[in-house]
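Asks: My structure file upload.cif, mmCIF, C-alpha atoms, is below:
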```cif
data_data
loop_
_atom_site.group_PDB
_atom_site.id
_atom_site.type_symbol
_atom_site.label_atom_id
_atom_site.label_comp_id
_atom_site.auth_asym_id
_atom_site.auth_seq_id
_atom_site.Cartn_x
_atom_site.Cartn_y
_atom_site.Cartn_z
ATOM 1 C CA MET L 11 75.051 6.219 -78.195
ATOM 2 C CA SER L 12 72.740 4.753 -75.648
ATOM 3 C CA ASP L 13 72.776 7.082 -72.658
ATOM 4 C CA LYS L 14 70.448 10.051 -72.670
ATOM 5 C CA PHE L 15 72.375 13.256 -72.052
ATOM 6 C CA THR L 16 70.126 15.680 -70.204
ATOM 7 C CA ARG L 17 72.278 17.145 -67.436
ATOM 8 C CA LEU L 18 75.890 16.945 -66.377
ATOM 9 C CA VAL L 19 77.278 18.070 -63.034
ATOM 10 C CA THR L 20 81.035 17.802 -63.038
ATOM 11 C CA LYS L 21 84.358 19.456 -62.365
ATOM 12 C CA THR L 22 86.360 20.939 -65.197
ATOM 13 C CA ALA L 23 89.732 20.058 -66.658
ATOM 14 C CA VAL L 24 91.436 23.034 -68.306
ATOM 15 C CA LEU L 25 93.703 23.187 -71.348
ATOM 16 C CA PRO L 26 94.096 26.947 -71.887
ATOM 17 C CA GLN L 27 95.936 26.647 -75.211
ATOM 18 C CA GLN L 28 94.292 28.303 -78.196
ATOM 19 C CA ASN L 29 93.928 26.647 -81.613
ATOM 20 C CA ILE L 30 94.005 23.061 -80.340
ATOM 21 C CA ASP L 31 93.588 21.164 -83.587
ATOM 22 C CA THR L 32 92.346 17.651 -84.244
ATOM 23 C CA ASP L 33 95.895 16.353 -84.790
ATOM 24 C CA GLN L 34 96.773 17.460 -81.250
ATOM 25 C CA ILE L 35 93.580 15.884 -79.918
ATOM 26 C CA ILE L 36 94.508 12.567 -81.594
ATOM 27 C CA PRO L 37 97.658 12.290 -83.706
ATOM 28 C CA ALA L 38 97.176 10.991 -87.266
ATOM 29 C CA ARG L 39 99.264 7.863 -86.614
ATOM 30 C CA TYR L 40 96.425 6.536 -84.429
ATOM 31 C CA LEU L 41 93.721 6.853 -87.079
ATOM 32 C CA THR L 42 94.061 3.314 -88.383
ATOM 33 C CA THR L 43 90.745 2.137 -86.955
ATOM 34 C CA THR L 44 87.100 2.694 -87.724
ATOM 35 C CA SER L 45 86.113 1.747 -84.183
ATOM 36 C CA ARG L 46 85.535 4.287 -81.437
ATOM 37 C CA ASP L 47 86.688 1.878 -78.747
ATOM 38 C CA GLY L 48 90.094 2.396 -77.212
ATOM 39 C CA LEU L 49 90.878 5.759 -78.799
ATOM 40 C CA GLY L 50 90.849 7.526 -75.429
ATOM 41 C CA GLN L 51 94.311 6.172 -74.678
ATOM 42 C CA TYR L 52 95.603 8.260 -77.603
ATOM 43 C CA ALA L 53 93.828 11.501 -76.707
ATOM 44 C CA PHE L 54 96.408 14.299 -76.515
ATOM 45 C CA PHE L 55 99.043 11.567 -76.782
ATOM 46 C CA ASP L 56 101.941 13.843 -77.698
ATOM 47 C CA TRP L 57 101.118 16.128 -74.771
ATOM 48 C CA ARG L 58 100.850 13.206 -72.359
ATOM 49 C CA TYR L 59 103.796 11.003 -73.366
ATOM 50 C CA ASP L 60 107.425 11.510 -74.353
ATOM 51 C CA ASP L 61 109.111 10.057 -77.453
ATOM 52 C CA GLU L 62 109.704 6.726 -75.670
ATOM 53 C CA GLY L 63 106.055 6.449 -74.626
ATOM 54 C CA ALA L 64 106.658 7.279 -70.958
ATOM 55 C CA PRO L 65 104.089 9.526 -69.250
ATOM 56 C CA LYS L 66 105.181 13.147 -68.993
ATOM 57 C CA PRO L 67 105.141 14.056 -65.293
ATOM 58 C CA ASP L 68 103.968 17.614 -65.989
ATOM 59 C CA SER L 69 100.887 16.559 -67.982
ATOM 60 C CA GLN L 70 97.777 17.090 -65.875
ATOM 61 C CA LEU L 71 95.872 14.799 -68.240
ATOM 62 C CA ASN L 72 97.831 11.769 -66.998
ATOM 63 C CA SER L 73 96.493 12.175 -63.465
ATOM 64 C CA LEU L 74 93.023 13.434 -64.345
ATOM 65 C CA ASP L 75 90.085 11.553 -62.855
ATOM 66 C CA THR L 76 87.502 11.622 -65.638
ATOM 67 C CA ALA L 77 84.886 10.186 -63.303
ATOM 68 C CA THR L 78 84.832 13.594 -61.606
ATOM 69 C CA HIS L 79 86.216 15.837 -64.398
ATOM 70 C CA GLN L 80 84.021 15.208 -67.433
ATOM 71 C CA ALA L 81 84.106 18.696 -68.967
ATOM 72 C CA LEU L 82 87.153 19.926 -70.853
ATOM 73 C CA VAL L 83 87.579 23.703 -70.932
ATOM 74 C CA ALA L 84 89.891 24.683 -73.771
ATOM 75 C CA GLY L 85 91.252 27.863 -75.278
ATOM 76 C CA ARG L 86 89.663 29.637 -78.217
ATOM 77 C CA ASN L 87 89.297 27.881 -81.602
ATOM 78 C CA PHE L 88 89.124 24.336 -80.237
ATOM 79 C CA GLY L 89 88.916 21.444 -82.710
ATOM 80 C CA CYS L 90 90.259 23.314 -85.713
ATOM 81 C CA GLY L 91 92.181 21.497 -88.430
ATOM 82 C CA SER L 92 91.024 18.414 -90.283
ATOM 83 C CA SER L 93 87.514 17.022 -90.090
ATOM 84 C CA ARG L 94 88.465 13.700 -88.493
ATOM 85 C CA GLU L 95 85.677 12.147 -86.485
ATOM 86 C CA HIS L 96 88.291 10.318 -84.412
ATOM 87 C CA ALA L 97 88.853 13.504 -82.364
ATOM 88 C CA PRO L 98 85.474 13.473 -80.592
ATOM 89 C CA TRP L 99 85.677 9.661 -80.418
ATOM 90 C CA ALA L 100 88.987 9.945 -78.537
ATOM 91 C CA LEU L 101 87.704 12.627 -76.157
ATOM 92 C CA ALA L 102 84.531 10.690 -75.367
ATOM 93 C CA ASP L 103 86.425 7.425 -74.903
ATOM 94 C CA TYR L 104 88.890 9.239 -72.630
ATOM 95 C CA GLY L 105 85.932 10.179 -70.408
ATOM 96 C CA PHE L 106 84.878 13.678 -71.414
ATOM 97 C CA ARG L 107 81.161 14.340 -71.923
ATOM 98 C CA ALA L 108 81.484 18.028 -72.850
ATOM 99 C CA VAL L 109 83.978 20.470 -74.351
ATOM 100 C CA ILE L 110 83.678 24.155 -73.458
ATOM 101 C CA SER L 111 85.322 27.070 -75.263
ATOM 102 C CA SER L 112 84.486 30.530 -76.503
ATOM 103 C CA ASP L 113 84.943 29.256 -80.067
ATOM 104 C CA ILE L 114 84.710 25.658 -81.311
ATOM 105 C CA ALA L 115 85.353 24.741 -84.949
ATOM 106 C CA ASP L 116 82.119 24.049 -86.842
ATOM 107 C CA ILE L 117 83.083 20.624 -88.220
ATOM 108 C CA PHE L 118 84.305 19.499 -84.801
ATOM 109 C CA LYS L 119 81.017 20.678 -83.247
ATOM 110 C CA SER L 120 79.028 18.685 -85.782
ATOM 111 C CA ASN L 121 81.138 15.551 -85.315
ATOM 112 C CA ALA L 122 80.976 15.900 -81.534
ATOM 113 C CA LEU L 123 77.184 16.123 -81.486
ATOM 114 C CA LYS L 124 76.878 13.081 -83.761
ATOM 115 C CA ASN L 125 78.910 11.125 -81.248
ATOM 116 C CA GLY L 126 77.375 12.197 -77.933
ATOM 117 C CA LEU L 127 80.038 14.753 -76.974
ATOM 118 C CA LEU L 128 78.485 18.097 -76.063
ATOM 119 C CA PRO L 129 80.214 21.175 -77.539
ATOM 120 C CA VAL L 130 79.449 24.263 -75.454
ATOM 121 C CA GLU L 131 80.376 27.692 -76.793
ATOM 122 C CA THR L 132 80.180 30.281 -74.086
ATOM 123 C CA GLY L 133 80.685 34.017 -73.823
ATOM 124 C CA ALA L 134 84.164 35.477 -73.383
ATOM 125 C CA GLU L 135 83.680 36.461 -69.730
ATOM 126 C CA ALA L 136 82.401 33.055 -68.593
ATOM 127 C CA HIS L 137 85.045 31.336 -70.711
ATOM 128 C CA GLN L 138 87.831 33.326 -69.086
ATOM 129 C CA TRP L 139 86.428 32.576 -65.629
ATOM 130 C CA LEU L 140 86.454 28.847 -66.415
ATOM 131 C CA LEU L 141 90.030 29.039 -67.749
ATOM 132 C CA ASP L 142 91.102 30.833 -64.562
ATOM 133 C CA ASN L 143 89.372 28.345 -62.248
ATOM 134 C CA PRO L 144 90.365 24.782 -63.174
ATOM 135 C CA GLY L 145 88.430 22.136 -61.294
ATOM 136 C CA ALA L 146 85.372 24.357 -60.892
ATOM 137 C CA LYS L 147 82.160 22.428 -60.349
ATOM 138 C CA ILE L 148 79.669 23.278 -63.084
ATOM 139 C CA ALA L 149 76.264 22.089 -64.237
ATOM 140 C CA ILE L 150 75.289 21.765 -67.891
ATOM 141 C CA ASP L 151 71.603 21.431 -68.750
ATOM 142 C CA VAL L 152 71.140 20.223 -72.329
ATOM 143 C CA GLU L 153 67.379 20.737 -72.379
ATOM 144 C CA ALA L 154 67.609 24.331 -71.118
ATOM 145 C CA GLN L 155 70.840 24.920 -73.082
ATOM 146 C CA GLU L 156 72.429 26.446 -70.035
ATOM 147 C CA LEU L 157 75.809 26.257 -68.344
ATOM 148 C CA ARG L 158 75.685 27.104 -64.641
ATOM 149 C CA LEU L 159 78.836 28.339 -62.928
ATOM 150 C CA PRO L 160 79.558 27.765 -59.202
ATOM 151 C CA ASN L 161 78.522 31.365 -58.391
ATOM 152 C CA GLY L 162 75.034 30.583 -59.728
ATOM 153 C CA ARG L 163 75.492 32.511 -62.956
ATOM 154 C CA ALA L 164 73.618 30.863 -65.827
ATOM 155 C CA GLU L 165 75.304 31.087 -69.214
ATOM 156 C CA PRO L 166 73.103 30.178 -72.211
ATOM 157 C CA PHE L 167 74.597 28.312 -75.146
ATOM 158 C CA ALA L 168 73.348 27.532 -78.639
ATOM 159 C CA LEU L 169 72.832 23.959 -79.729
ATOM 160 C CA GLU L 170 71.751 22.683 -83.123
ATOM 161 C CA ALA L 171 68.186 21.341 -82.764
ATOM 162 C CA PHE L 172 68.692 17.853 -84.207
ATOM 163 C CA GLY L 173 71.908 17.325 -82.232
ATOM 164 C CA ARG L 174 70.131 18.448 -79.065
ATOM 165 C CA HIS L 175 67.265 16.029 -79.780
ATOM 166 C CA CYS L 176 69.703 13.146 -80.295
ATOM 167 C CA LEU L 177 71.551 13.911 -77.040
ATOM 168 C CA LEU L 178 68.305 14.115 -75.065
ATOM 169 C CA GLU L 179 67.052 10.853 -76.582
ATOM 170 C CA GLY L 180 70.381 9.020 -76.337
ATOM 171 C CA VAL L 181 70.610 8.233 -80.049
ATOM 172 C CA ASP L 182 73.041 9.067 -82.803
ATOM 173 C CA PRO L 183 71.793 10.045 -86.305
ATOM 174 C CA MET L 184 71.753 6.402 -87.448
ATOM 175 C CA GLY L 185 69.870 5.335 -84.341
ATOM 176 C CA PHE L 186 67.371 8.114 -84.999
ATOM 177 C CA LEU L 187 66.750 6.753 -88.515
ATOM 178 C CA LEU L 188 66.592 3.133 -87.378
ATOM 179 C CA GLY L 189 63.965 4.129 -84.822
ATOM 180 C CA ARG L 190 61.786 5.279 -87.683
ATOM 181 C CA MET L 191 62.111 2.229 -89.944
ATOM 182 C CA ASP L 192 58.371 1.536 -89.888
ATOM 183 C CA GLN L 193 57.651 5.055 -91.151
ATOM 184 C CA ILE L 194 60.440 4.869 -93.747
ATOM 185 C CA GLU L 195 59.258 1.515 -95.050
ATOM 186 C CA ALA L 196 55.647 2.738 -95.176
ATOM 187 C CA TYR L 197 56.713 5.783 -97.168
ATOM 188 C CA GLU L 198 58.865 3.714 -99.521
ATOM 189 C CA GLY L 199 56.013 1.248 -100.019
ATOM 190 C CA ALA L 200 53.578 4.038 -100.866
ATOM 191 C CA HIS L 201 55.986 5.696 -103.311
ATOM 192 C CA SER L 202 57.534 2.776 -105.160
#
```
Please go through the file and, once you have read it, give me the structure as C-alpha coordinates.

Replies:
Amino acid sequence: MSDKFTRLVTKTAVLPQQNIDTDQIIPARYLTTTSRDGLGQYAFFDWRYDDEGAPKPDSQLNSLDTATHQALVAGRNFGCGSSREHAPWALADYGFRAVISSDIADIFKSNALKNGLLPVETGAEAHQWLLDNPGAKIAIDVEAQELRLPNGRAEPFALEAFGRHCLLEGVDPMGFLLGRMDQIEAYEGAHS
(Lines of atoms letter the chains of each structure in order from A and count residues from 1; the text may use other names and numbers.)
(Lines give C-alpha, C1' and ligand atoms only; values in the text may rest on other atoms or scores of the structure.)
Protein backbone atom coordinates (compact mmCIF):
# COMPACT_ATOMS: atom_id res chain seq x y z
CA MET A 1 0.00 0.00 0.00
CA SER A 2 1.10 3.54 -0.51
CA ASP A 3 -2.01 5.69 -0.34
CA LYS A 4 -3.22 6.84 3.04
CA PHE A 5 -6.86 5.90 3.54
CA THR A 6 -8.50 8.52 5.73
CA ARG A 7 -11.82 9.30 4.07
CA LEU A 8 -13.80 7.98 1.14
CA VAL A 9 -16.76 9.70 -0.48
CA THR A 10 -18.29 7.46 -3.09
CA LYS A 11 -21.40 5.85 -4.50
CA THR A 12 -22.25 2.28 -3.66
CA ALA A 13 -22.49 -0.84 -5.78
CA VAL A 14 -24.87 -3.43 -4.31
CA LEU A 15 -24.72 -7.22 -4.39
CA PRO A 16 -27.58 -8.20 -2.06
CA GLN A 17 -26.76 -11.92 -2.02
CA GLN A 18 -25.99 -13.44 1.36
CA ASN A 19 -23.06 -15.79 2.02
CA ILE A 20 -20.87 -14.53 -0.83
CA ASP A 21 -17.81 -16.70 -0.36
CA THR A 22 -14.23 -16.18 -1.48
CA ASP A 23 -14.63 -18.64 -4.37
CA GLN A 24 -17.43 -16.45 -5.76
CA ILE A 25 -15.31 -13.34 -5.24
CA ILE A 26 -12.45 -14.95 -7.21
CA PRO A 27 -12.78 -18.50 -8.53
CA ALA A 28 -10.01 -20.93 -7.52
CA ARG A 29 -8.84 -21.40 -11.12
CA TYR A 30 -7.44 -17.85 -11.04
CA LEU A 31 -5.29 -18.35 -7.95
CA THR A 32 -2.14 -19.29 -9.84
CA THR A 33 -0.32 -16.06 -9.03
CA THR A 34 1.27 -14.53 -5.98
CA SER A 35 0.93 -11.04 -7.45
CA ARG A 36 -1.96 -8.73 -6.65
CA ASP A 37 -1.79 -7.08 -10.06
CA GLY A 38 -4.43 -7.96 -12.60
CA LEU A 39 -6.71 -9.97 -10.32
CA GLY A 40 -9.52 -7.43 -10.63
CA GLN A 41 -10.40 -8.80 -14.06
CA TYR A 42 -11.35 -12.08 -12.34
CA ALA A 43 -13.42 -10.57 -9.53
CA PHE A 44 -16.86 -12.21 -9.53
CA PHE A 45 -15.86 -13.78 -12.85
CA ASP A 46 -18.56 -16.44 -12.91
CA TRP A 47 -21.21 -13.81 -12.19
CA ARG A 48 -19.87 -11.49 -14.88
CA TYR A 49 -19.10 -13.88 -17.75
CA ASP A 50 -20.74 -16.89 -19.37
CA ASP A 51 -19.06 -20.25 -20.05
CA GLU A 52 -17.53 -18.91 -23.29
CA GLY A 53 -16.08 -15.86 -21.54
CA ALA A 54 -18.59 -13.38 -22.98
CA PRO A 55 -19.87 -10.67 -20.63
CA LYS A 56 -23.29 -11.42 -19.17
CA PRO A 57 -25.58 -8.54 -20.16
CA ASP A 58 -27.48 -8.68 -16.86
CA SER A 59 -24.38 -8.32 -14.67
CA GLN A 60 -24.26 -4.82 -13.21
CA LEU A 61 -20.59 -5.36 -12.40
CA ASN A 62 -19.69 -5.30 -16.11
CA SER A 63 -20.91 -1.72 -16.49
CA LEU A 64 -19.90 -0.43 -13.07
CA ASP A 65 -17.73 2.68 -12.98
CA THR A 66 -15.38 2.02 -10.07
CA ALA A 67 -14.07 5.57 -10.26
CA THR A 68 -17.41 6.66 -8.81
CA HIS A 69 -18.58 3.42 -7.11
CA GLN A 70 -15.76 2.39 -4.78
CA ALA A 71 -17.84 0.83 -1.99
CA LEU A 72 -19.38 -2.61 -2.39
CA VAL A 73 -22.47 -3.24 -0.27
CA ALA A 74 -23.07 -6.97 0.06
CA GLY A 75 -25.50 -9.25 1.82
CA ARG A 76 -24.87 -10.78 5.22
CA ASN A 77 -21.88 -13.10 5.80
CA PHE A 78 -19.64 -11.61 3.10
CA GLY A 79 -16.24 -13.21 2.48
CA CYS A 80 -17.01 -16.56 4.06
CA GLY A 81 -15.32 -19.72 2.83
CA SER A 82 -11.60 -20.24 2.44
CA SER A 83 -8.98 -17.85 3.76
CA ARG A 84 -7.54 -16.88 0.38
CA GLU A 85 -5.92 -13.48 0.35
CA HIS A 86 -6.61 -13.25 -3.38
CA ALA A 87 -10.22 -12.23 -2.62
CA PRO A 88 -9.40 -8.79 -1.20
CA TRP A 89 -6.62 -8.45 -3.80
CA ALA A 90 -9.19 -8.98 -6.58
CA LEU A 91 -11.70 -6.54 -5.07
CA ALA A 92 -9.07 -3.84 -4.56
CA ASP A 93 -7.62 -4.34 -8.04
CA TYR A 94 -11.15 -4.17 -9.48
CA GLY A 95 -11.47 -0.70 -7.91
CA PHE A 96 -13.25 -1.16 -4.60
CA ARG A 97 -11.82 0.62 -1.55
CA ALA A 98 -14.43 -0.62 0.95
CA VAL A 99 -16.82 -3.52 1.51
CA ILE A 100 -19.92 -2.94 3.64
CA SER A 101 -22.15 -5.60 5.17
CA SER A 102 -23.90 -6.37 8.41
CA ASP A 103 -21.59 -9.37 8.84
CA ILE A 104 -18.16 -9.92 7.26
CA ALA A 105 -16.17 -13.12 7.82
CA ASP A 106 -13.32 -12.61 10.30
CA ILE A 107 -10.52 -14.00 8.11
CA PHE A 108 -11.70 -11.93 5.15
CA LYS A 109 -11.76 -8.81 7.36
CA SER A 110 -8.20 -9.46 8.49
CA ASN A 111 -6.95 -10.10 4.95
CA ALA A 112 -8.79 -7.03 3.66
CA LEU A 113 -7.22 -4.73 6.24
CA LYS A 114 -3.74 -6.09 5.50
CA ASN A 115 -4.26 -5.16 1.88
CA GLY A 116 -5.81 -1.69 2.13
CA LEU A 117 -9.44 -2.75 1.60
CA LEU A 118 -11.70 -1.37 4.32
CA PRO A 119 -14.24 -3.84 5.76
CA VAL A 120 -17.18 -1.98 7.30
CA GLU A 121 -19.68 -3.89 9.43
CA THR A 122 -22.77 -1.84 10.03
CA GLY A 123 -26.00 -2.25 11.93
CA ALA A 124 -28.93 -4.12 10.40
CA GLU A 125 -31.05 -1.01 9.77
CA ALA A 126 -28.32 0.95 7.98
CA HIS A 127 -27.29 -2.18 6.08
CA GLN A 128 -30.83 -2.73 4.83
CA TRP A 129 -31.09 0.92 3.79
CA LEU A 130 -27.88 0.59 1.77
CA LEU A 131 -29.11 -2.64 0.13
CA ASP A 132 -32.37 -0.91 -0.80
CA ASN A 133 -30.65 2.18 -2.22
CA PRO A 134 -27.95 1.15 -4.71
CA GLY A 135 -25.82 4.03 -5.92
CA ALA A 136 -26.30 6.00 -2.71
CA LYS A 137 -23.55 8.53 -2.06
CA ILE A 138 -21.87 7.79 1.26
CA ALA A 139 -18.88 9.02 3.22
CA ILE A 140 -16.59 6.74 5.21
CA ASP A 141 -14.26 8.30 7.76
CA VAL A 142 -11.56 5.84 8.84
CA GLU A 143 -10.19 8.02 11.63
CA ALA A 144 -13.63 8.59 13.19
CA GLN A 145 -14.73 5.03 12.30
CA GLU A 146 -17.96 6.36 10.93
CA LEU A 147 -20.11 5.69 7.89
CA ARG A 148 -22.31 8.63 6.92
CA LEU A 149 -25.47 7.99 4.91
CA PRO A 150 -26.97 10.56 2.49
CA ASN A 151 -29.63 11.53 5.08
CA GLY A 152 -26.83 12.63 7.43
CA ARG A 153 -27.14 9.63 9.72
CA ALA A 154 -23.75 8.62 11.13
CA GLU A 155 -23.24 4.90 11.62
CA PRO A 156 -20.22 3.92 13.76
CA PHE A 157 -18.20 0.84 12.87
CA ALA A 158 -15.50 -1.11 14.69
CA LEU A 159 -12.03 -1.37 13.24
CA GLU A 160 -9.07 -3.30 14.59
CA ALA A 161 -6.54 -0.76 15.92
CA PHE A 162 -3.45 -1.92 14.01
CA GLY A 163 -5.39 -2.24 10.75
CA ARG A 164 -6.80 1.25 11.25
CA HIS A 165 -3.30 2.61 11.90
CA CYS A 166 -1.97 0.98 8.73
CA LEU A 167 -4.83 2.38 6.62
CA LEU A 168 -4.34 5.89 8.01
CA GLU A 169 -0.58 5.71 7.42
CA GLY A 170 -0.81 4.05 4.00
CA VAL A 171 1.30 1.04 4.94
CA ASP A 172 0.72 -2.69 5.06
CA PRO A 173 2.06 -4.79 7.99
CA MET A 174 5.39 -5.37 6.21
CA GLY A 175 5.74 -1.68 5.44
CA PHE A 176 5.04 -0.93 9.09
CA LEU A 177 7.90 -3.24 10.14
CA LEU A 178 10.28 -1.94 7.48
CA GLY A 179 9.62 1.59 8.73
CA ARG A 180 10.98 0.54 12.09
CA MET A 181 14.16 -1.20 10.93
CA ASP A 182 16.41 1.16 12.90
CA GLN A 183 14.56 0.29 16.12
CA ILE A 184 14.54 -3.43 15.30
CA GLU A 185 18.25 -3.47 14.51
CA ALA A 186 19.03 -1.50 17.68
CA TYR A 187 17.04 -3.98 19.76
CA GLU A 188 18.66 -6.97 18.06
CA GLY A 189 22.11 -5.44 18.58
CA ALA A 190 21.44 -4.88 22.28
CA HIS A 191 20.10 -8.41 22.80
CA SER A 192 22.44 -10.57 20.75

Asks: When distances are computed from all atoms listed in the file, which of L:Leu178, L:Ile110, L:Asn143, L:Ala136 shows the smallest separation from Ala164 (chain L)?

Replies: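 Ranked by minimum distance to Ala164 (chain L), first place goes to L:Ala136.
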
Asks: For a quick check of understanding, using all atoms listed in the file, which of L:Gln138, L:Thr42, L:Thr22, L:Asn125 has the smallest distance to Leu82 (chain L)?

Replies: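 Between L:Gln138, L:Thr42, L:Thr22, L:Asn125, the residue approaching Leu82 (chain L) most closely is L:Thr22.
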
Asks: Residues within 10 Å of Cys176 (chain L), please, as a list in words. Count only C-alpha atoms; anything in the same chain fewer than 3 positions from it doesn't count.

Replies: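 Once the adjacent positions are removed, what remains is Met11, Lys14, Phe15, Leu123, Lys124, Asn125, Gly126, Ala171, Phe172, Gly173, Glu179, Gly180, Val181, Asp182, Pro183, Gly185 and Phe186 of chain L.
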
Asks: Give as a PyMOL selection string the residues that the PyMOL selection byres ((chain L and resi 39) around 12) matches when applied to the coordinates above.

Replies: chain L and resi 33-38+40-43+49+52-53+55-56+96

Asks: To one decimal place, how far is CA of Ser93 (chain L) from CA of Asp31 (chain L) in Å?

Replies: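 Separation between CA of Ser93 (chain L) and CA of Asp31 (chain L): 9.8 Å.
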
Asks: Suppose you want the space between CA of Gly63 (chain L) and CA of Gly91 (chain L); what is it in Å?

Replies: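 That distance, rounded to one decimal, is 24.7 Å.
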
Asks: Find the residue from L:Ala100, L:Val83, L:Ala149, L:Arg163 that sits nearest to Pro129 (chain L); use all atoms listed in the file when measuring.

Replies: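 Checking each of L:Ala100, L:Val83, L:Ala149, L:Arg163 against Pro129 (chain L), counting all atoms listed in the file, the winner is L:Val83.
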
Asks: If we count all atoms listed in the file, what is near Ser92 (chain L) at a cut-off of 10 Å, once residues fewer than 3 positions away on the same chain are taken out, given as a ChimeraX atom specification?

Replies: /L:31-33,89,95,97,117-118

Asks: For the residues selected in the previous step, produce a file with C-alpha atoms as a PDB file, keeping the file's coordinate frame.

Replies:
```pdb
ATOM      1  CA  ASP L  31      93.588  21.164 -83.587  1.00  0.00           C
ATOM      2  CA  THR L  32      92.346  17.651 -84.244  1.00  0.00           C
ATOM      3  CA  ASP L  33      95.895  16.353 -84.790  1.00  0.00           C
ATOM      4  CA  GLY L  89      88.916  21.444 -82.710  1.00  0.00           C
ATOM      5  CA  GLU L  95      85.677  12.147 -86.485  1.00  0.00           C
ATOM      6  CA  ALA L  97      88.853  13.504 -82.364  1.00  0.00           C
ATOM      7  CA  ILE L 117      83.083  20.624 -88.220  1.00  0.00           C
ATOM      8  CA  PHE L 118      84.305  19.499 -84.801  1.00  0.00           C
TER       9      PHE L 118
END
```

Asks: Rounded to one decimal place, report the CA of Cys90 (chain L)-CA of Gln70 (chain L) distance in Å.

Replies: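 Those two atoms sit 22.1 Å apart.
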
Asks: I'd like the neighbourhood of Gly85 (chain L) as a list of chain:residue names, where a residue qualifies if any of its atoms comes within 8 Å (using all atoms listed in the file), though same-chain residues fewer than 4 positions away should be ignored.

Replies: L:Leu25, L:Pro26, L:Gln27, L:Gln28, L:Asn29, L:Ile30, L:Ser111, L:Ser112, L:Leu141

Asks: Hey, which of L:Thr76, L:Glu170, L:Gly105, L:Arg86 ends up closest to Ser120 (chain L)? Count only C-alpha atoms.

Replies: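 Ranking L:Thr76, L:Glu170, L:Gly105, L:Arg86 by distance to Ser120 (chain L), first place goes to L:Glu170.
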
Asks: When you count only C-alpha atoms, which of these residues is closest to Asn72 (chain L): L:Leu177, L:Ile114, L:Ala23, L:Val130?

Replies: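 With only C-alpha atoms as the atom set, the closest residue is L:Ala23.
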
Asks: Written as a list of chain:residue names, which residues does the PyMOL selection byres ((chain L and resi 150) around 6) give for the file shown?

Replies: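 When the PyMOL selection byres ((chain L and resi 150) around 6) is applied, the selected residues are L:Arg17, L:Leu18, L:Ala149, L:Asp151, L:Glu156, L:Leu157.
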
Asks: For the selection you just gave me, I'd like the residues written to a file as a tab-separated table (two decimals), in the coordinates of the input, keeping C-alpha atoms.

Replies:
```tsv
chain	number	residue	atom	x	y	z
L	17	ARG	CA	72.28	17.14	-67.44
L	18	LEU	CA	75.89	16.94	-66.38
L	149	ALA	CA	76.26	22.09	-64.24
L	151	ASP	CA	71.60	21.43	-68.75
L	156	GLU	CA	72.43	26.45	-70.04
L	157	LEU	CA	75.81	26.26	-68.34
```

Asks: Could you tell me which of L:Pro98, L:Pro65, L:Gly162, L:Gly145 comes closest to Ala81 (chain L) if we count all atoms listed in the file?

Replies: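 The closest residue to Ala81 (chain L) is L:Gly145.
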
Asks: I want to know what sits within 7 Å of Asp103 (chain L), based on all atoms listed in the file, with residues of the same chain fewer than 4 positions away left out; could you give that as an mmCIF file with C-alpha atoms, in the coordinates of the input?

Replies:
```cif
data_model
loop_
_atom_site.group_PDB
_atom_site.id
_atom_site.type_symbol
_atom_site.label_atom_id
_atom_site.label_comp_id
_atom_site.auth_asym_id
_atom_site.auth_seq_id
_atom_site.Cartn_x
_atom_site.Cartn_y
_atom_site.Cartn_z
ATOM 1 C CA ASP L 47 86.688 1.878 -78.747
ATOM 2 C CA GLY L 48 90.094 2.396 -77.212
ATOM 3 C CA LEU L 49 90.878 5.759 -78.799
ATOM 4 C CA GLY L 50 90.849 7.526 -75.429
ATOM 5 C CA TRP L 99 85.677 9.661 -80.418
#
```
